[in-house]
Structure formats: structure tokens, C-alpha cells
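Content type mmCIF, C-alpha atoms and all ligand atoms, from the file work00.cif:
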```
data_coords
#
loop_
_atom_site.label_atom_id
_atom_site.label_comp_id
_atom_site.auth_asym_id
_atom_site.auth_seq_id
_atom_site.Cartn_x
_atom_site.Cartn_y
_atom_site.Cartn_z
CA MET A 1 116.08 6.68 -13.40
CA LYS A 2 114.12 7.84 -16.39
CA TRP A 3 112.44 11.22 -16.10
CA GLY A 4 108.69 10.90 -16.46
CA LYS A 5 108.68 7.35 -15.16
CA ASP A 6 110.01 7.82 -11.66
CA SER A 7 109.11 11.48 -11.47
CA ILE A 8 105.84 13.29 -11.98
CA ARG A 9 105.57 15.69 -14.89
CA GLY A 10 103.23 18.49 -14.00
CA LEU A 11 103.17 22.03 -15.29
CA SER A 12 106.68 22.96 -16.47
CA PHE A 13 108.55 26.10 -15.48
CA LEU A 14 108.37 29.00 -17.92
CA GLY A 15 110.61 28.48 -20.95
CA ALA A 16 111.59 24.87 -20.21
CA CYS A 17 112.55 22.76 -23.22
CA ALA A 18 111.50 19.17 -23.84
CA ASP A 19 115.07 17.87 -24.13
CA ALA A 20 116.03 15.81 -21.05
CA GLY A 21 119.66 16.19 -22.15
CA ALA A 22 119.61 20.01 -21.91
CA PRO A 23 122.64 21.49 -20.11
CA ASN A 24 120.50 22.53 -17.10
CA VAL A 25 117.88 20.55 -15.21
CA LEU A 26 115.20 21.91 -12.88
CA LEU A 27 114.05 19.33 -10.36
CA GLY A 28 111.45 19.46 -7.58
CA ALA A 29 112.25 17.72 -4.26
CA PRO A 30 108.90 18.02 -2.44
CA MET A 31 109.96 16.82 0.99
CA ASP A 32 108.88 18.79 4.06
CA TYR A 33 108.88 16.28 6.89
CA SER A 34 111.93 17.71 8.65
CA ALA A 35 110.27 21.14 9.04
CA SER A 36 110.39 22.17 12.70
CA PHE A 37 107.48 24.64 12.70
CA ARG A 38 105.06 24.96 9.78
CA PRO A 39 105.18 22.22 7.13
CA GLY A 40 103.94 22.71 3.57
CA SER A 41 107.06 23.31 1.48
CA ARG A 42 106.32 20.09 -0.41
CA PHE A 43 103.92 22.26 -2.41
CA GLY A 44 106.64 24.82 -3.15
CA PRO A 45 107.82 23.51 -6.54
CA GLU A 46 104.29 23.33 -7.90
CA ALA A 47 103.49 26.89 -6.75
CA ILE A 48 106.77 28.22 -8.18
CA ARG A 49 106.09 26.66 -11.58
CA HIS A 50 102.56 28.08 -11.57
CA ALA A 51 103.85 31.56 -10.62
CA SER A 52 106.44 31.41 -13.40
CA CYS A 53 103.61 31.69 -15.95
CA ASN A 54 103.24 35.33 -14.90
CA LEU A 55 106.87 36.22 -15.69
CA GLU A 56 108.47 37.47 -18.87
CA GLU A 57 111.28 35.28 -20.17
CA TYR A 58 113.34 38.46 -20.56
CA SER A 59 115.08 39.78 -17.44
CA LEU A 60 115.15 43.55 -17.48
CA GLN A 61 117.83 43.56 -14.76
CA LEU A 62 120.15 41.14 -16.53
CA GLU A 63 119.31 42.20 -20.11
CA LYS A 64 119.20 38.52 -20.97
CA SER A 65 116.38 36.11 -21.66
CA LEU A 66 115.56 32.65 -20.40
CA GLU A 67 115.28 31.78 -24.10
CA GLU A 68 119.10 31.90 -24.22
CA VAL A 69 119.35 29.16 -21.57
CA ARG A 70 118.39 25.60 -22.40
CA PHE A 71 116.91 23.81 -19.42
CA PHE A 72 114.73 20.76 -18.85
CA ASP A 73 112.09 20.68 -16.14
CA ALA A 74 112.22 17.11 -14.78
CA GLY A 75 109.15 17.66 -12.59
CA ASP A 76 108.96 16.60 -8.96
CA LEU A 77 110.55 13.46 -7.57
CA LEU A 78 108.16 10.90 -6.15
CA LEU A 79 109.40 10.58 -2.57
CA PRO A 80 108.39 8.07 0.12
CA PHE A 81 106.34 10.28 2.44
CA GLY A 82 107.71 10.38 5.99
CA ASN A 83 110.84 8.44 5.13
CA VAL A 84 113.67 10.94 5.56
CA THR A 85 116.66 8.76 4.70
CA GLY A 86 114.84 7.09 1.81
CA SER A 87 113.86 10.46 0.38
CA LEU A 88 117.37 11.87 0.76
CA ALA A 89 118.79 8.82 -1.04
CA LEU A 90 116.42 9.36 -3.97
CA ILE A 91 117.26 13.06 -4.21
CA GLU A 92 120.98 12.26 -4.11
CA LYS A 93 120.61 9.65 -6.87
CA ALA A 94 118.68 12.08 -9.06
CA VAL A 95 121.24 14.88 -8.63
CA GLU A 96 124.06 12.41 -9.21
CA GLN A 97 122.40 11.43 -12.49
CA ILE A 98 122.11 15.08 -13.54
CA LEU A 99 125.79 15.68 -12.78
CA ALA A 100 126.84 12.46 -14.54
CA GLY A 101 125.22 13.84 -17.69
CA ASP A 102 127.39 16.95 -17.34
CA GLN A 103 124.22 18.88 -16.57
CA ARG A 104 123.68 21.50 -13.90
CA PRO A 105 121.06 20.90 -11.19
CA PHE A 106 118.59 23.58 -10.09
CA VAL A 107 116.63 22.00 -7.25
CA LEU A 108 113.39 23.30 -5.73
CA GLY A 109 112.57 22.30 -2.14
CA GLY A 110 111.06 21.16 -0.03
CA ASP A 111 112.54 21.94 3.34
CA HIS A 112 116.21 22.82 3.68
CA LEU A 113 117.31 19.26 4.38
CA VAL A 114 116.95 18.54 0.63
CA SER A 115 120.16 20.53 0.13
CA LEU A 116 122.17 17.83 1.92
CA PRO A 117 121.83 15.09 -0.73
CA CYS A 118 122.38 17.70 -3.46
CA LEU A 119 125.61 18.74 -1.73
CA ARG A 120 126.69 15.13 -1.24
CA ALA A 121 126.39 14.46 -4.97
CA CYS A 122 128.03 17.75 -5.95
CA ALA A 123 130.91 17.38 -3.46
CA ARG A 124 131.68 13.92 -4.87
CA ARG A 125 131.84 15.26 -8.39
CA PHE A 126 133.59 18.52 -7.49
CA PRO A 127 136.23 17.97 -4.78
CA GLY A 128 136.82 21.11 -2.73
CA LEU A 129 133.30 22.34 -3.47
CA LYS A 130 132.50 25.64 -1.74
CA LEU A 131 129.08 26.40 -0.29
CA VAL A 132 127.28 29.72 -0.33
CA HIS A 133 124.37 29.63 2.14
CA ILE A 134 121.83 32.46 2.09
CA ASP A 135 119.31 32.03 4.90
CA ALA A 136 117.69 33.67 7.93
CA HIS A 137 118.90 30.72 10.01
CA ALA A 138 122.40 29.40 10.59
CA ASP A 139 121.26 25.74 10.21
CA LEU A 140 124.33 24.74 12.23
CA ARG A 141 122.69 22.70 14.98
CA ASP A 142 124.33 19.40 15.73
CA GLN A 143 120.85 17.94 16.23
CA TYR A 144 117.29 19.11 16.51
CA MET A 145 114.98 17.21 18.90
CA GLY A 146 117.58 14.44 18.81
CA GLU A 147 117.64 14.26 15.01
CA HIS A 148 120.86 14.84 13.11
CA LEU A 149 118.91 15.01 9.86
CA SER A 150 116.76 18.14 10.06
CA HIS A 151 116.32 21.36 8.17
CA ALA A 152 117.95 23.02 11.21
CA THR A 153 121.12 20.92 10.93
CA VAL A 154 121.75 20.90 7.19
CA VAL A 155 124.82 23.13 7.00
CA ARG A 156 126.36 21.47 10.08
CA GLN A 157 125.79 18.05 8.49
CA ALA A 158 127.42 19.24 5.28
CA LEU A 159 130.42 20.56 7.24
CA ASP A 160 130.71 17.42 9.37
CA THR A 161 130.29 14.81 6.65
CA LEU A 162 131.57 16.35 3.41
CA ASN A 163 134.98 17.57 2.41
CA LEU A 164 133.96 21.11 1.51
CA GLY A 165 136.33 23.89 0.54
CA GLY A 166 134.56 26.31 2.87
CA VAL A 167 131.13 27.63 3.77
CA TRP A 168 130.07 31.26 3.37
CA GLN A 169 126.89 32.25 5.22
CA PHE A 170 124.92 35.41 4.48
CA ALA A 171 121.79 37.17 5.77
CA VAL A 172 121.60 34.99 8.91
CA ARG A 173 119.70 36.64 11.76
CA SER A 174 118.70 33.69 13.90
CA ALA A 175 120.91 31.18 15.69
CA THR A 176 121.49 29.61 19.07
CA ARG A 177 124.55 30.73 21.05
CA GLU A 178 126.16 27.38 20.21
CA GLU A 179 125.51 27.87 16.50
CA HIS A 180 126.94 31.39 16.69
CA ASP A 181 130.12 30.11 18.36
CA TYR A 182 130.38 27.33 15.81
CA ALA A 183 129.90 29.76 12.90
CA ARG A 184 132.65 32.05 14.18
CA LYS A 185 135.05 29.09 14.17
CA HIS A 186 134.02 27.11 11.12
CA THR A 187 132.28 29.28 8.53
CA LYS A 188 132.74 32.65 6.88
CA PHE A 189 129.84 34.20 8.73
CA TYR A 190 128.22 37.42 7.47
CA PRO A 191 124.99 37.92 9.45
CA PHE A 192 122.18 40.32 8.49
CA GLU A 193 123.61 41.34 5.13
CA LEU A 194 124.22 39.94 1.68
CA VAL A 195 125.37 42.33 -1.03
CA ARG A 196 128.16 44.21 0.72
CA PRO A 197 129.98 41.19 2.23
CA LEU A 198 129.36 39.08 -0.87
CA ARG A 199 131.08 41.68 -3.07
CA GLN A 200 134.15 41.27 -0.87
CA ALA A 201 133.90 37.49 -0.58
CA ALA A 202 133.34 36.84 -4.30
CA ALA A 203 137.09 37.00 -4.99
CA ASP A 204 137.64 34.05 -2.60
CA LEU A 205 134.91 31.98 -4.22
CA THR A 206 137.20 30.37 -6.75
CA GLY A 207 136.56 26.88 -8.12
CA PRO A 208 133.25 25.06 -8.02
CA VAL A 209 130.58 26.65 -5.83
CA TYR A 210 127.14 25.43 -4.76
CA VAL A 211 124.51 28.05 -3.88
CA THR A 212 121.61 27.32 -1.53
CA VAL A 213 118.94 29.94 -0.98
CA ASP A 214 116.35 29.64 1.77
CA ILE A 215 113.46 31.91 0.82
CA ASP A 216 113.24 33.00 4.47
CA ALA A 217 116.46 34.96 4.00
CA VAL A 218 114.09 37.52 2.49
CA ASP A 219 112.00 39.45 5.02
CA PRO A 220 108.59 37.87 5.73
CA ALA A 221 107.03 41.12 4.49
CA PHE A 222 108.10 40.00 1.01
CA ALA A 223 108.05 36.24 1.54
CA PRO A 224 105.48 35.22 4.16
CA GLY A 225 104.87 31.81 2.62
CA THR A 226 107.55 29.87 4.44
CA GLY A 227 107.85 27.47 7.36
CA THR A 228 109.92 29.48 9.84
CA PRO A 229 109.50 33.20 9.10
CA GLU A 230 112.07 35.48 10.75
CA SER A 231 111.69 39.26 10.78
CA GLY A 232 114.43 41.70 9.84
CA GLY A 233 115.41 40.16 6.53
CA ILE A 234 116.91 41.32 3.26
CA THR A 235 114.81 42.61 0.38
CA PRO A 236 114.08 40.79 -2.88
CA ALA A 237 116.21 43.37 -4.73
CA GLU A 238 119.19 42.60 -2.48
CA LEU A 239 118.81 38.86 -3.05
CA LEU A 240 118.62 39.29 -6.83
CA GLU A 241 121.68 41.56 -6.73
CA GLY A 242 123.50 38.92 -4.72
CA LEU A 243 122.74 36.28 -7.35
CA ALA A 244 124.09 38.60 -10.05
CA ILE A 245 127.34 39.01 -8.08
CA LEU A 246 127.61 35.20 -7.84
CA GLY A 247 127.50 35.14 -11.63
CA GLU A 248 131.25 35.84 -11.52
CA CYS A 249 131.76 32.47 -9.82
CA GLN A 250 131.67 28.91 -11.13
CA ILE A 251 128.29 27.80 -9.85
CA VAL A 252 127.85 24.04 -10.31
CA GLY A 253 124.55 23.62 -8.45
CA PHE A 254 121.74 25.72 -7.04
CA ASP A 255 118.72 25.20 -4.86
CA LEU A 256 115.85 27.28 -3.54
CA VAL A 257 114.06 25.87 -0.51
CA GLU A 258 111.33 26.44 2.09
CA VAL A 259 108.63 28.03 -0.08
CA ALA A 260 105.39 26.97 1.67
CA PRO A 261 102.56 28.50 -0.36
CA ALA A 262 99.72 27.73 2.08
CA TYR A 263 100.78 30.59 4.39
CA ASP A 264 100.56 33.19 1.65
CA GLY A 265 97.10 33.65 0.19
CA ALA A 266 98.25 36.25 -2.32
CA GLY A 267 101.02 34.06 -3.73
CA ILE A 268 103.70 36.75 -3.40
CA THR A 269 106.28 34.28 -2.06
CA ALA A 270 105.89 31.98 -5.05
CA ALA A 271 105.99 35.01 -7.37
CA LEU A 272 109.32 36.03 -5.84
CA ALA A 273 110.59 32.45 -5.88
CA ALA A 274 109.76 32.10 -9.59
CA LYS A 275 111.70 35.28 -10.30
CA ILE A 276 114.67 34.02 -8.27
CA VAL A 277 114.63 30.76 -10.27
CA ARG A 278 114.42 32.63 -13.59
CA GLU A 279 117.36 34.85 -12.65
CA ALA A 280 119.37 31.89 -11.30
CA LEU A 281 118.81 29.96 -14.54
CA ILE A 282 119.91 32.96 -16.62
CA ILE A 283 122.92 33.78 -14.41
CA PHE A 284 124.20 30.28 -13.58
CA GLY A 285 122.79 28.25 -16.48
CA LYS A 286 125.26 26.56 -18.75
CA GLN A 287 125.03 27.76 -22.30
CA PRO A 288 124.36 25.07 -24.92
MN MN B 301 115.84 29.26 7.10
#
```
Exercise: express the given structure as C-alpha cells:
Amino acid sequence: MKWGKDSIRGLSFLGACADAGAPNVLLGAPMDYSASFRPGSRFGPEAIRHASCNLEEYSLQLEKSLEEVRFFDAGDLLLPFGNVTGSLALIEKAVEQILAGDQRPFVLGGDHLVSLPCLRACARRFPGLKLVHIDAHADLRDQYMGEHLSHATVVRQALDTLNLGGVWQFAVRSATREEHDYARKHTKFYPFELVRPLRQAAADLTGPVYVTVDIDAVDPAFAPGTGTPESGGITPAELLEGLAILGECQIVGFDLVEVAPAYDGAGITAALAAKIVREALIIFGKQP
């Protein structure tokens, strides 16, 4: 597909360049029809881009600037509303195209199910791909209300259908008993925390790694604009520190999902999300 023809160009993220061949590509996947509680994350990418206007390109924490990272903002995909499998197929095709150009995808959800097609494309290109999952929820259900394709099943689907080199889960504080049992058997499961266990796990994260961040990993006090808020979460500072630790690893794809701006009148969730995206681009972005 040709960017701008099959995708909508709206406001671009801070510091984006006009070169579609840039080494990094930001892409919105505004699908929220698998959300189990409050929908609205389809408006996440737009709100994150808008909030990015308030940021400096320079990161004081990283002592690096977004100006040192070339990235193209491909806008939001036009998805067939209500059609889950059709939307997932389009997202997968778009990410596949980014990877085929030797570019790195940075995807903005949408609900968490958008990570599945991103992972499918990345796992095909990078055999043995490892997954780092930062989320309040385990997302390990076999099905939700009879559906295997749901934002509550995404990590389970990835484990069941892709040949991954392992899944590391951090900051989880909500699961069913079945999910908890499954996590103990099949994932590297580090509930409640991020920084301390990630420091220890980073040495095992060799080879290509995909990072998915659900904004609800952060406490709803800092990120209320999300579909399934869960109290007792990590702080924004902890999440940003975690991303910096992951900078030691070979990150081949990244997504940030579940920002639903309608539940946050002050826009603090989108402000945080924009900062997470800026830091992720600086930390994981391929240099030209
Ligand atoms: Mn979640």
C-alpha cells in the first residue's frame, strides 16, 4: 500500500520527517472494537500526536533529541469498522510492508488486539522473536465471551499461534486464576513491578525483541484515559526507566495501546503517551 492513499494523514507526531523511507515508521491502528469495557482507543493515536506538540524534541532524561532519529509518521490506517479479522489483516500487511523496507514499526493502538498482527509480521521476519509485555492485565485468556480474538486474549493468541522465543510479562496486577496458572507455566511472569525484575531479565533478552506497552500498566492516577483502568499500577517514571533499560536490547518493533482520551478531560494520559512514544523513538529508533 502507498502511505497517504490507503492511510489518512492527519497531524504528524512531533519531529516526524516527510521521508516515507525513513528507518522508523510511526503508524496508527485505530481499532477499538475488541475492548471489553470502555471503548474509545480508536482516538488514541490522534490524541497522542496532538499531545506531542507540547513536548520538547530533546529528552532531558536520555540527553538525546528526537532530531537525531529519522522517523516517518504514516498516519492512521483506514480500517473496516467492526470487522476484526479484516482490520487485523490490514494492520499485519502494513507492518509487514514496514519490515520489508528494513524499517522499524512503532504502532499506536487502538485496543491491545492490534499487537497480534504486529507480532505475526515481526515473528515471520525475526524467527525466535521475544516479547516483552508491560500491562496491568495478563491478556492470557483463551477466549473472552467466546471470542479468541480479543484484547483480553492477545498474549495467549501470540503464544498459541506464533513461534516466539519467550514472553516476559511485567507490571501485571489483574488476571483470572486460570491466567495466573498459565502464566506460571508459560511466561516469565513478574507481576506488580517493572524496573527491578527487568534489570535482571534484560540479560536474557538476547536477539530480536518486540515491546508492547499497554498504557494501563501505569496507575490510573497518572493514566485515567484508558478502557480498563486497574488501580495499583507503576508510575510514569518507572515505565520510562524500564524503556531505557530495554535500550540495551535489540528492539525490532514497539507498540503503545489502549489510550482512550474521552475518559480523561485534562489530557494527561495522552501527554504521558506522547512522552512514552518520544522516548521509545529515541531509545529504540534505528539511526540513519
Ligand atoms: Mn491492559
Compile the contact shell of segment 164-180 of chain A as a VMD selection string: residues with an atom at most 6 Å away, counting all atoms listed in the file, same-chain residues fewer than 3 positions apart removed. chain A and resid 128 to 138 140 183 187 to 194
Identify which of the residues A:Pro117, A:Pro220, A:Gly242, A:Gly21 lies closest to ligand MN 301 (chain B), counting all atoms listed in the file when measuring atom-to-atom distances. A:Pro220
Could you pull out the residues sitting within 9 Å of ligand MN 301 (chain B), using only C-alpha atoms and all ligand atoms, and write them as a list of chain:residue names?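 Answer in the requested format: A:Asp111, A:His112, A:Ile134, A:Asp135, A:Ala136, A:His137, A:Ala138, A:Asp139, A:His151, A:Ala152, A:Val172, A:Ser174, A:Val213, A:Asp214, A:Ile215, A:Asp216, A:Ala217, A:Thr226, A:Gly227, A:Thr228, A:Pro229, A:Glu230, A:Val257, A:Glu258.
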Could you write out that same residue set with C-alpha atoms as a PDB file, in the coordinates of the input?
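And here is the file that came out, result-v2.pdb:
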```pdb
ATOM      1  CA  ASP A 111     112.540  21.940   3.340  1.00  0.00           C
ATOM      2  CA  HIS A 112     116.210  22.820   3.680  1.00  0.00           C
ATOM      3  CA  ILE A 134     121.830  32.460   2.090  1.00  0.00           C
ATOM      4  CA  ASP A 135     119.310  32.030   4.900  1.00  0.00           C
ATOM      5  CA  ALA A 136     117.690  33.670   7.930  1.00  0.00           C
ATOM      6  CA  HIS A 137     118.900  30.720  10.010  1.00  0.00           C
ATOM      7  CA  ALA A 138     122.400  29.400  10.590  1.00  0.00           C
ATOM      8  CA  ASP A 139     121.260  25.740  10.210  1.00  0.00           C
ATOM      9  CA  HIS A 151     116.320  21.360   8.170  1.00  0.00           C
ATOM     10  CA  ALA A 152     117.950  23.020  11.210  1.00  0.00           C
ATOM     11  CA  VAL A 172     121.600  34.990   8.910  1.00  0.00           C
ATOM     12  CA  SER A 174     118.700  33.690  13.900  1.00  0.00           C
ATOM     13  CA  VAL A 213     118.940  29.940  -0.980  1.00  0.00           C
ATOM     14  CA  ASP A 214     116.350  29.640   1.770  1.00  0.00           C
ATOM     15  CA  ILE A 215     113.460  31.910   0.820  1.00  0.00           C
ATOM     16  CA  ASP A 216     113.240  33.000   4.470  1.00  0.00           C
ATOM     17  CA  ALA A 217     116.460  34.960   4.000  1.00  0.00           C
ATOM     18  CA  THR A 226     107.550  29.870   4.440  1.00  0.00           C
ATOM     19  CA  GLY A 227     107.850  27.470   7.360  1.00  0.00           C
ATOM     20  CA  THR A 228     109.920  29.480   9.840  1.00  0.00           C
ATOM     21  CA  PRO A 229     109.500  33.200   9.100  1.00  0.00           C
ATOM     22  CA  GLU A 230     112.070  35.480  10.750  1.00  0.00           C
ATOM     23  CA  VAL A 257     114.060  25.870  -0.510  1.00  0.00           C
ATOM     24  CA  GLU A 258     111.330  26.440   2.090  1.00  0.00           C
TER      25      GLU A 258
END
```
Residue nearest Asp264 of chain A - candidates A:Leu108, A:Ala47, A:Ala123, A:Cys118, atoms counted: only C-alpha atoms: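 Among the listed residues, the smallest separation from Asp264 of chain A belongs to A:Ala47.
Neighbouring residues of Leu116 of chain A at 9 Å or closer, counting only C-alpha atoms and skipping chain neighbours under 4 positions away, are A:Leu88, A:Glu92, A:His112, A:Arg120, A:Ala121, A:Val154, A:Val155, A:Gln157, A:Ala158.
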Show me, as a PyMOL selection string, the residues that have an atom within 6 Å of Val259 of chain A when counting only C-alpha atoms, minus same-chain residues fewer than 5 positions from it. chain A and resi 41+44+225-226
Work out how far atom CA of Pro236 of chain A is from atom CA of Gly15 of chain A, in Å to one decimal. 22.1 Å
Which of these residues is nearest to Gly110 of chain A, using all atoms listed in the file: A:Leu281, A:Ala29, A:Val252, A:Ala262?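 Result for the nearest residue to Gly110 of chain A: A:Ala29.
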Looking at all atoms listed in the file, which of A:Tyr182, A:Phe284, A:Phe13, A:Phe37 is the one that sits closest to Glu56 of chain A? A:Phe13
Where is the centre and how long are the edges: axis-aligned box on segment 274-279 of chain A, 5 Å on each side, Å to one decimal, as AutoDock Vina command-line options:
```
--center_x 113.6 --center_y 33.0 --center_z -10.9 --size_x 17.6 --size_y 14.5 --size_z 15.3
```
So that I can check the surroundings of segment 64-70 of chain A, please list as a PDB file with C-alpha atoms, in the coordinates of the input every protein, DNA and RNA residue that reaches within 9 Å of it, counting all atoms listed in the file and ignoring chain neighbours fewer than 3 positions away.
```pdb
ATOM      1  CA  LEU A  14     108.370  29.000 -17.920  1.00  0.00           C
ATOM      2  CA  GLY A  15     110.610  28.480 -20.950  1.00  0.00           C
ATOM      3  CA  ALA A  16     111.590  24.870 -20.210  1.00  0.00           C
ATOM      4  CA  CYS A  17     112.550  22.760 -23.220  1.00  0.00           C
ATOM      5  CA  ASP A  19     115.070  17.870 -24.130  1.00  0.00           C
ATOM      6  CA  ALA A  22     119.610  20.010 -21.910  1.00  0.00           C
ATOM      7  CA  PRO A  23     122.640  21.490 -20.110  1.00  0.00           C
ATOM      8  CA  ASN A  24     120.500  22.530 -17.100  1.00  0.00           C
ATOM      9  CA  VAL A  25     117.880  20.550 -15.210  1.00  0.00           C
ATOM     10  CA  GLU A  56     108.470  37.470 -18.870  1.00  0.00           C
ATOM     11  CA  GLU A  57     111.280  35.280 -20.170  1.00  0.00           C
ATOM     12  CA  TYR A  58     113.340  38.460 -20.560  1.00  0.00           C
ATOM     13  CA  SER A  59     115.080  39.780 -17.440  1.00  0.00           C
ATOM     14  CA  LEU A  60     115.150  43.550 -17.480  1.00  0.00           C
ATOM     15  CA  GLN A  61     117.830  43.560 -14.760  1.00  0.00           C
ATOM     16  CA  ARG A 278     114.420  32.630 -13.590  1.00  0.00           C
ATOM     17  CA  GLU A 279     117.360  34.850 -12.650  1.00  0.00           C
ATOM     18  CA  LEU A 281     118.810  29.960 -14.540  1.00  0.00           C
ATOM     19  CA  ILE A 282     119.910  32.960 -16.620  1.00  0.00           C
ATOM     20  CA  ILE A 283     122.920  33.780 -14.410  1.00  0.00           C
ATOM     21  CA  GLY A 285     122.790  28.250 -16.480  1.00  0.00           C
ATOM     22  CA  LYS A 286     125.260  26.560 -18.750  1.00  0.00           C
ATOM     23  CA  GLN A 287     125.030  27.760 -22.300  1.00  0.00           C
ATOM     24  CA  PRO A 288     124.360  25.070 -24.920  1.00  0.00           C
TER      25      PRO A 288
END
```
Counting only C-alpha atoms, the option among A:Gly40, A:Gly75, A:Gly233, A:Gly207 closest to Leu26 of chain A: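 Distance minimum relative to Leu26 of chain A lands on A:Gly75.
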Please report the interatomic distance between atom CA of Ala244 of chain A and atom CA of Gly232 of chain A in Å with one decimal.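 Atom-to-atom, atom CA of Ala244 of chain A to atom CA of Gly232 of chain A, that is 22.3 Å.
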Restricting the calculation to only C-alpha atoms, which member of A:Asp219, A:Glu63, A:Asp76, A:Asp204 is positioned closest to Pro30 of chain A?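 Result for the nearest residue to Pro30 of chain A: A:Asp76.
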Find the residues near Ala89 of chain A: any atom within 12 Å, counting all atoms listed in the file, skip ones fewer than 2 places away on the same chain, and give them as a list in words. Ala29, Leu77, Leu78, Leu79, Pro80, Asn83, Val84, Thr85, Gly86, Ser87, Ile91, Glu92, Lys93, Ala94, Val95, Glu96, Leu113, Val114, Ser115, Leu116, Pro117, Cys118, Arg120 and Ala121 of chain A
What is the atom CA of Gly253 of chain A to atom CA of Pro105 of chain A distance in Å?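 Computed distance, atom CA of Gly253 of chain A to atom CA of Pro105 of chain A, equals 5.2 Å.
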